[in-house]
Amino acid sequence: MELPAAVAQLAQDLAHLPGVEAVMLGGSRAVGAHRPDSDWDLGLYYRGSRGSFDPVSVRGLGCDGYVSALGEWGPIVHGGAWLTVEGTPVDVLFRDLDTVEAWLADAEHGRFEVLVQNGYVVGAPTYVPVGELAINRPLAGALPRPAFPDALAATAPARWQGRASVSLMFAAQHAAAGDAVCCVGMLVDAALSAAHARLAQRREWVLNEKRLLQRAGLEQLHALLAPADANLPAAVATVARVLGIAPLVVR
């Protein structure tokens, strides 16, 4: 896929910032699953051990938008920027290559953790950034390009299936108590965990939870967990109004 000139220029500008090791094209654009209105995702890789990358340098590029501090967004997606470049929305995601390579070594031995991360319902496994290296498209610099490790395919399915089983147990308890919200929450956790298990068994990387049930062949659960005629945007607006909390607007 050819990048728009403004996005290609931004990628090059990011690659030349102090401390930046590499830049990759990620998200739906990298795998051809984008819509016409999809934004552009750029992964920016640096080494925390060298201490030479500072997000201030991204702000210095003069693009409109927000640039976070390192560690501001969570342990996996630990920082980045929401930018608009010549009218084009671009998300820049910071990745500490030292940390990612350590998680790659863990995955090659069948080890991983599931960390609480903004935007993930069941949490983000530490092999998410490893999958990004495997799937995303390099634009500048050199990065590992790992295959799905045999050891991870052997250990991950059972672990995710175990979590799904526990979540179903709690769902039954909440159902017996008449607590609909917690029951549905546990059912969602069980469904997404089972989807993780299926995809790991098939040696398919999971980078986020978007369309995860469909990928795993569990799309029939949508009819149970959210009626087909549900007005989801209206539901979001209603819940936000009841909570008295406005959804974050990044652009």
# chains A, B, ... in the order shown; residues from 1 in each chain; ligands from 1
>>> select_by_dssp(residues="region 29-123 of chain A", states="strand (DSSP E or B)", output="list in words")
Trp40, Asp41, Leu42, Gly43, Leu44, Tyr45, Tyr46, Asp64, Gly65, Tyr66, Val67, Gly80, Ala81, Trp82, Leu83, Thr84, Val85, Thr88, Pro89, Val90, Asp91, Val92, Leu93, Phe94, Arg95, Asp96, Val114 and Leu115 of chain A
>>> write_last_selection(atoms="N, CA and C atoms", output="PDB file, in the first residue's frame")
ATOM      1  N   TRP A  40      -4.308   6.295  10.152  1.00  0.00           N
ATOM      2  CA  TRP A  40      -3.023   5.646   9.882  1.00  0.00           C
ATOM      3  C   TRP A  40      -2.298   5.447  11.204  1.00  0.00           C
ATOM      4  N   ASP A  41      -1.750   4.248  11.413  1.00  0.00           N
ATOM      5  CA  ASP A  41      -1.030   3.923  12.643  1.00  0.00           C
ATOM      6  C   ASP A  41       0.451   3.728  12.337  1.00  0.00           C
ATOM      7  N   LEU A  42       1.289   4.436  13.059  1.00  0.00           N
ATOM      8  CA  LEU A  42       2.731   4.303  12.922  1.00  0.00           C
ATOM      9  C   LEU A  42       3.330   3.876  14.253  1.00  0.00           C
ATOM     10  N   GLY A  43       4.087   2.799  14.248  1.00  0.00           N
ATOM     11  CA  GLY A  43       4.802   2.370  15.444  1.00  0.00           C
ATOM     12  C   GLY A  43       6.194   2.971  15.465  1.00  0.00           C
ATOM     13  N   LEU A  44       6.534   3.628  16.559  1.00  0.00           N
ATOM     14  CA  LEU A  44       7.851   4.253  16.724  1.00  0.00           C
ATOM     15  C   LEU A  44       8.630   3.451  17.763  1.00  0.00           C
ATOM     16  N   TYR A  45       9.766   2.884  17.351  1.00  0.00           N
ATOM     17  CA  TYR A  45      10.557   2.017  18.225  1.00  0.00           C
ATOM     18  C   TYR A  45      11.833   2.725  18.679  1.00  0.00           C
ATOM     19  N   TYR A  46      12.085   2.637  19.969  1.00  0.00           N
ATOM     20  CA  TYR A  46      13.283   3.204  20.574  1.00  0.00           C
ATOM     21  C   TYR A  46      13.787   2.225  21.633  1.00  0.00           C
ATOM     22  N   ASP A  64      -0.358  19.118  14.454  1.00  0.00           N
ATOM     23  CA  ASP A  64      -1.485  19.340  15.339  1.00  0.00           C
ATOM     24  C   ASP A  64      -1.825  18.047  16.068  1.00  0.00           C
ATOM     25  N   GLY A  65      -2.152  18.155  17.362  1.00  0.00           N
ATOM     26  CA  GLY A  65      -2.578  16.973  18.096  1.00  0.00           C
ATOM     27  C   GLY A  65      -1.959  16.880  19.468  1.00  0.00           C
ATOM     28  N   TYR A  66      -2.073  15.696  20.055  1.00  0.00           N
ATOM     29  CA  TYR A  66      -1.630  15.442  21.425  1.00  0.00           C
ATOM     30  C   TYR A  66      -0.494  14.427  21.427  1.00  0.00           C
ATOM     31  N   VAL A  67       0.544  14.700  22.205  1.00  0.00           N
ATOM     32  CA  VAL A  67       1.670  13.777  22.363  1.00  0.00           C
ATOM     33  C   VAL A  67       1.786  13.433  23.841  1.00  0.00           C
ATOM     34  N   GLY A  80       2.194   7.571  23.099  1.00  0.00           N
ATOM     35  CA  GLY A  80       2.119   7.835  21.668  1.00  0.00           C
ATOM     36  C   GLY A  80       1.566   9.217  21.401  1.00  0.00           C
ATOM     37  N   ALA A  81       0.979   9.361  20.227  1.00  0.00           N
ATOM     38  CA  ALA A  81       0.473  10.672  19.818  1.00  0.00           C
ATOM     39  C   ALA A  81      -0.737  10.502  18.922  1.00  0.00           C
ATOM     40  N   TRP A  82      -1.699  11.395  19.084  1.00  0.00           N
ATOM     41  CA  TRP A  82      -2.830  11.510  18.166  1.00  0.00           C
ATOM     42  C   TRP A  82      -2.591  12.772  17.348  1.00  0.00           C
ATOM     43  N   LEU A  83      -2.267  12.618  16.097  1.00  0.00           N
ATOM     44  CA  LEU A  83      -1.874  13.747  15.268  1.00  0.00           C
ATOM     45  C   LEU A  83      -2.805  13.894  14.066  1.00  0.00           C
ATOM     46  N   THR A  84      -2.858  15.080  13.533  1.00  0.00           N
ATOM     47  CA  THR A  84      -3.523  15.343  12.262  1.00  0.00           C
ATOM     48  C   THR A  84      -2.506  16.023  11.355  1.00  0.00           C
ATOM     49  N   VAL A  85      -2.221  15.372  10.237  1.00  0.00           N
ATOM     50  CA  VAL A  85      -1.195  15.854   9.316  1.00  0.00           C
ATOM     51  C   VAL A  85      -1.847  16.137   7.967  1.00  0.00           C
ATOM     52  N   THR A  88      -5.087  14.526   7.635  1.00  0.00           N
ATOM     53  CA  THR A  88      -5.095  13.066   7.767  1.00  0.00           C
ATOM     54  C   THR A  88      -4.820  12.671   9.207  1.00  0.00           C
ATOM     55  N   PRO A  89      -5.711  11.878   9.837  1.00  0.00           N
ATOM     56  CA  PRO A  89      -5.460  11.426  11.211  1.00  0.00           C
ATOM     57  C   PRO A  89      -4.398  10.335  11.263  1.00  0.00           C
ATOM     58  N   VAL A  90      -3.403  10.535  12.117  1.00  0.00           N
ATOM     59  CA  VAL A  90      -2.304   9.580  12.268  1.00  0.00           C
ATOM     60  C   VAL A  90      -2.081   9.311  13.749  1.00  0.00           C
ATOM     61  N   ASP A  91      -2.097   8.050  14.133  1.00  0.00           N
ATOM     62  CA  ASP A  91      -1.760   7.648  15.499  1.00  0.00           C
ATOM     63  C   ASP A  91      -0.311   7.151  15.514  1.00  0.00           C
ATOM     64  N   VAL A  92       0.481   7.677  16.423  1.00  0.00           N
ATOM     65  CA  VAL A  92       1.860   7.229  16.600  1.00  0.00           C
ATOM     66  C   VAL A  92       1.936   6.490  17.932  1.00  0.00           C
ATOM     67  N   LEU A  93       2.414   5.253  17.918  1.00  0.00           N
ATOM     68  CA  LEU A  93       2.476   4.437  19.124  1.00  0.00           C
ATOM     69  C   LEU A  93       3.935   4.168  19.474  1.00  0.00           C
ATOM     70  N   PHE A  94       4.315   4.508  20.713  1.00  0.00           N
ATOM     71  CA  PHE A  94       5.688   4.319  21.159  1.00  0.00           C
ATOM     72  C   PHE A  94       5.903   2.877  21.605  1.00  0.00           C
ATOM     73  N   ARG A  95       7.039   2.306  21.233  1.00  0.00           N
ATOM     74  CA  ARG A  95       7.403   0.948  21.640  1.00  0.00           C
ATOM     75  C   ARG A  95       8.865   0.930  22.086  1.00  0.00           C
ATOM     76  N   ASP A  96       9.096   0.480  23.323  1.00  0.00           N
ATOM     77  CA  ASP A  96      10.463   0.299  23.817  1.00  0.00           C
ATOM     78  C   ASP A  96      10.963  -1.049  23.303  1.00  0.00           C
ATOM     79  N   VAL A 114      -0.797 -11.265  30.988  1.00  0.00           N
ATOM     80  CA  VAL A 114      -1.919 -10.482  30.476  1.00  0.00           C
ATOM     81  C   VAL A 114      -2.018  -9.242  31.350  1.00  0.00           C
ATOM     82  N   LEU A 115      -1.767  -8.095  30.756  1.00  0.00           N
ATOM     83  CA  LEU A 115      -1.668  -6.844  31.508  1.00  0.00           C
ATOM     84  C   LEU A 115      -2.893  -5.972  31.286  1.00  0.00           C
TER      85      LEU A 115
END
>>> residues_around(residues="Glu132 (chain A)", least_positions_apart="2", cutoff="9 Å", atoms="only C-alpha atoms", output="list in words")
Met24, Gly26, Gly27, Gly43, Tyr127, Val128, Pro129, Val130, Ala134, Ile135, Asn136, Arg137, Arg145, Trp205, Val206 and Leu207 of chain A
>>> write_last_selection(atoms="N, CA and C atoms", output="PDB file, in the first residue's frame")
ATOM      1  N   MET A  24       7.278   1.569  11.904  1.00  0.00           N
ATOM      2  CA  MET A  24       6.486   0.586  11.160  1.00  0.00           C
ATOM      3  C   MET A  24       5.092   1.136  10.891  1.00  0.00           C
ATOM      4  N   GLY A  26       1.317   0.181  11.040  1.00  0.00           N
ATOM      5  CA  GLY A  26       0.529  -0.813  11.748  1.00  0.00           C
ATOM      6  C   GLY A  26      -0.956  -0.625  11.533  1.00  0.00           C
ATOM      7  N   GLY A  27      -1.749  -1.280  12.398  1.00  0.00           N
ATOM      8  CA  GLY A  27      -3.188  -1.148  12.344  1.00  0.00           C
ATOM      9  C   GLY A  27      -3.794  -1.781  11.104  1.00  0.00           C
ATOM     10  N   GLY A  43       4.087   2.799  14.248  1.00  0.00           N
ATOM     11  CA  GLY A  43       4.802   2.370  15.444  1.00  0.00           C
ATOM     12  C   GLY A  43       6.194   2.971  15.465  1.00  0.00           C
ATOM     13  N   TYR A 127       2.448 -10.753  24.334  1.00  0.00           N
ATOM     14  CA  TYR A 127       2.889 -11.085  22.984  1.00  0.00           C
ATOM     15  C   TYR A 127       2.224 -10.207  21.919  1.00  0.00           C
ATOM     16  N   VAL A 128       1.368  -9.267  22.313  1.00  0.00           N
ATOM     17  CA  VAL A 128       0.783  -8.341  21.333  1.00  0.00           C
ATOM     18  C   VAL A 128       1.865  -7.568  20.575  1.00  0.00           C
ATOM     19  N   PRO A 129       2.832  -6.914  21.265  1.00  0.00           N
ATOM     20  CA  PRO A 129       3.870  -6.194  20.512  1.00  0.00           C
ATOM     21  C   PRO A 129       4.768  -7.113  19.687  1.00  0.00           C
ATOM     22  N   VAL A 130       4.861  -8.390  20.082  1.00  0.00           N
ATOM     23  CA  VAL A 130       5.623  -9.357  19.296  1.00  0.00           C
ATOM     24  C   VAL A 130       4.893  -9.622  17.982  1.00  0.00           C
ATOM     25  N   ALA A 134       5.683  -9.109  13.737  1.00  0.00           N
ATOM     26  CA  ALA A 134       5.473 -10.133  12.713  1.00  0.00           C
ATOM     27  C   ALA A 134       4.564  -9.658  11.592  1.00  0.00           C
ATOM     28  N   ILE A 135       3.564  -8.829  11.933  1.00  0.00           N
ATOM     29  CA  ILE A 135       2.500  -8.495  10.981  1.00  0.00           C
ATOM     30  C   ILE A 135       2.701  -7.143  10.322  1.00  0.00           C
ATOM     31  N   ASN A 136       3.144  -6.163  11.086  1.00  0.00           N
ATOM     32  CA  ASN A 136       3.176  -4.799  10.577  1.00  0.00           C
ATOM     33  C   ASN A 136       4.254  -4.614   9.506  1.00  0.00           C
ATOM     34  N   ARG A 137       4.189  -3.488   8.826  1.00  0.00           N
ATOM     35  CA  ARG A 137       5.046  -3.245   7.668  1.00  0.00           C
ATOM     36  C   ARG A 137       6.175  -2.283   8.008  1.00  0.00           C
ATOM     37  N   ARG A 145      11.445 -10.051  12.846  1.00  0.00           N
ATOM     38  CA  ARG A 145      10.200 -10.437  12.176  1.00  0.00           C
ATOM     39  C   ARG A 145       9.866 -11.871  12.597  1.00  0.00           C
ATOM     40  N   TRP A 205      -1.668 -14.349  15.315  1.00  0.00           N
ATOM     41  CA  TRP A 205      -1.412 -13.265  16.251  1.00  0.00           C
ATOM     42  C   TRP A 205      -2.690 -12.468  16.523  1.00  0.00           C
ATOM     43  N   VAL A 206      -2.859 -12.039  17.748  1.00  0.00           N
ATOM     44  CA  VAL A 206      -3.927 -11.123  18.134  1.00  0.00           C
ATOM     45  C   VAL A 206      -3.273  -9.822  18.571  1.00  0.00           C
ATOM     46  N   LEU A 207      -3.629  -8.733  17.914  1.00  0.00           N
ATOM     47  CA  LEU A 207      -3.057  -7.433  18.252  1.00  0.00           C
ATOM     48  C   LEU A 207      -4.021  -6.583  19.069  1.00  0.00           C
TER      49      LEU A 207
END
>>> select_by_dssp(residues="region 13-229 of chain A", states="helix (DSSP H, G or I)", output="ChimeraX atom specification")
/A:13-15,27-31,48-50,56-59,97-108,128-135,150-176,180-201,212-215,221-225
>>> closest_residue(among="A:Val239, A:Val250, A:Ala172, A:Ala124", to="Ser193 (chain A)", atoms="only C-alpha atoms")
A:Ala124
>>> closest_residue(among="A:Leu192, A:Leu225, A:Leu17, A:Val242", to="Trp160 (chain A)", atoms="only C-alpha atoms")
A:Leu192
>>> atom_distance(atom1="CA of Lys210 (chain A)", atom2="CA of Tyr120 (chain A)")
9.5 Å
>>> residues_around(residues="Gln201 (chain A)", least_positions_apart="2", cutoff="12 Å", atoms="only C-alpha atoms", output="ChimeraX atom specification")
/A:148-161,194-199,203-206,216
>>> decode(residues="region 178-207 of chain A", atoms="N, CA and C atoms", output="JSON list (two decimals), in the first residue's frame")
[["chain", "number", "residue", "atom", "x", "y", "z"],
["A", 178, "GLY", "N", -29.04, -12.35, 40.11],
["A", 178, "GLY", "CA", -29.82, -11.36, 39.37],
["A", 178, "GLY", "C", -29.04, -10.12, 38.99],
["A", 179, "ASP", "N", -27.70, -10.20, 38.97],
["A", 179, "ASP", "CA", -26.86, -9.06, 38.62],
["A", 179, "ASP", "C", -26.53, -9.15, 37.13],
["A", 180, "ALA", "N", -27.35, -8.49, 36.30],
["A", 180, "ALA", "CA", -27.23, -8.64, 34.85],
["A", 180, "ALA", "C", -25.93, -8.06, 34.32],
["A", 181, "VAL", "N", -25.53, -6.89, 34.81],
["A", 181, "VAL", "CA", -24.34, -6.25, 34.28],
["A", 181, "VAL", "C", -23.10, -7.09, 34.52],
["A", 182, "CYS", "N", -22.93, -7.57, 35.74],
["A", 182, "CYS", "CA", -21.74, -8.38, 36.04],
["A", 182, "CYS", "C", -21.80, -9.72, 35.32],
["A", 183, "CYS", "N", -23.00, -10.28, 35.18],
["A", 183, "CYS", "CA", -23.14, -11.54, 34.44],
["A", 183, "CYS", "C", -22.71, -11.35, 33.00],
["A", 184, "VAL", "N", -23.21, -10.31, 32.35],
["A", 184, "VAL", "CA", -22.83, -10.07, 30.95],
["A", 184, "VAL", "C", -21.34, -9.76, 30.84],
["A", 185, "GLY", "N", -20.81, -9.01, 31.80],
["A", 185, "GLY", "CA", -19.38, -8.71, 31.78],
["A", 185, "GLY", "C", -18.54, -9.97, 31.83],
["A", 186, "MET", "N", -18.91, -10.92, 32.67],
["A", 186, "MET", "CA", -18.17, -12.18, 32.75],
["A", 186, "MET", "C", -18.35, -13.02, 31.48],
["A", 187, "LEU", "N", -19.54, -12.96, 30.87],
["A", 187, "LEU", "CA", -19.75, -13.68, 29.61],
["A", 187, "LEU", "C", -18.88, -13.10, 28.50],
["A", 188, "VAL", "N", -18.76, -11.79, 28.46],
["A", 188, "VAL", "CA", -17.90, -11.15, 27.48],
["A", 188, "VAL", "C", -16.45, -11.58, 27.71],
["A", 189, "ASP", "N", -16.03, -11.59, 28.97],
["A", 189, "ASP", "CA", -14.66, -12.02, 29.29],
["A", 189, "ASP", "C", -14.43, -13.45, 28.82],
["A", 190, "ALA", "N", -15.41, -14.32, 29.08],
["A", 190, "ALA", "CA", -15.28, -15.72, 28.68],
["A", 190, "ALA", "C", -15.20, -15.85, 27.16],
["A", 191, "ALA", "N", -16.02, -15.09, 26.45],
["A", 191, "ALA", "CA", -16.04, -15.18, 24.99],
["A", 191, "ALA", "C", -14.73, -14.71, 24.39],
["A", 192, "LEU", "N", -14.22, -13.57, 24.85],
["A", 192, "LEU", "CA", -12.97, -13.05, 24.30],
["A", 192, "LEU", "C", -11.79, -13.95, 24.68],
["A", 193, "SER", "N", -11.81, -14.49, 25.88],
["A", 193, "SER", "CA", -10.73, -15.40, 26.28],
["A", 193, "SER", "C", -10.74, -16.67, 25.42],
["A", 194, "ALA", "N", -11.93, -17.20, 25.15],
["A", 194, "ALA", "CA", -12.03, -18.37, 24.28],
["A", 194, "ALA", "C", -11.55, -18.06, 22.87],
["A", 195, "ALA", "N", -11.84, -16.84, 22.41],
["A", 195, "ALA", "CA", -11.36, -16.43, 21.08],
["A", 195, "ALA", "C", -9.83, -16.38, 21.06],
["A", 196, "HIS", "N", -9.23, -15.82, 22.11],
["A", 196, "HIS", "CA", -7.77, -15.82, 22.21],
["A", 196, "HIS", "C", -7.23, -17.25, 22.13],
["A", 197, "ALA", "N", -7.89, -18.18, 22.84],
["A", 197, "ALA", "CA", -7.43, -19.56, 22.85],
["A", 197, "ALA", "C", -7.46, -20.17, 21.46],
["A", 198, "ARG", "N", -8.55, -19.93, 20.75],
["A", 198, "ARG", "CA", -8.69, -20.51, 19.40],
["A", 198, "ARG", "C", -7.62, -19.97, 18.44],
["A", 199, "LEU", "N", -7.38, -18.68, 18.51],
["A", 199, "LEU", "CA", -6.43, -18.08, 17.59],
["A", 199, "LEU", "C", -5.00, -18.50, 17.92],
["A", 200, "ALA", "N", -4.68, -18.60, 19.21],
["A", 200, "ALA", "CA", -3.35, -19.09, 19.58],
["A", 200, "ALA", "C", -3.15, -20.51, 19.11],
["A", 201, "GLN", "N", -4.19, -21.32, 19.20],
["A", 201, "GLN", "CA", -4.10, -22.70, 18.73],
["A", 201, "GLN", "C", -3.85, -22.76, 17.23],
["A", 202, "ARG", "N", -4.39, -21.77, 16.50],
["A", 202, "ARG", "CA", -4.18, -21.68, 15.05],
["A", 202, "ARG", "C", -2.92, -20.92, 14.70],
["A", 203, "ARG", "N", -2.17, -20.50, 15.71],
["A", 203, "ARG", "CA", -0.92, -19.74, 15.52],
["A", 203, "ARG", "C", -1.17, -18.42, 14.79],
["A", 204, "GLU", "N", -2.25, -17.76, 15.18],
["A", 204, "GLU", "CA", -2.58, -16.46, 14.61],
["A", 204, "GLU", "C", -2.39, -15.39, 15.67],
["A", 205, "TRP", "N", -1.67, -14.35, 15.31],
["A", 205, "TRP", "CA", -1.41, -13.27, 16.25],
["A", 205, "TRP", "C", -2.69, -12.47, 16.52],
["A", 206, "VAL", "N", -2.86, -12.04, 17.75],
["A", 206, "VAL", "CA", -3.93, -11.12, 18.13],
["A", 206, "VAL", "C", -3.27, -9.82, 18.57],
["A", 207, "LEU", "N", -3.63, -8.73, 17.91],
["A", 207, "LEU", "CA", -3.06, -7.43, 18.25],
["A", 207, "LEU", "C", -4.02, -6.58, 19.07]]
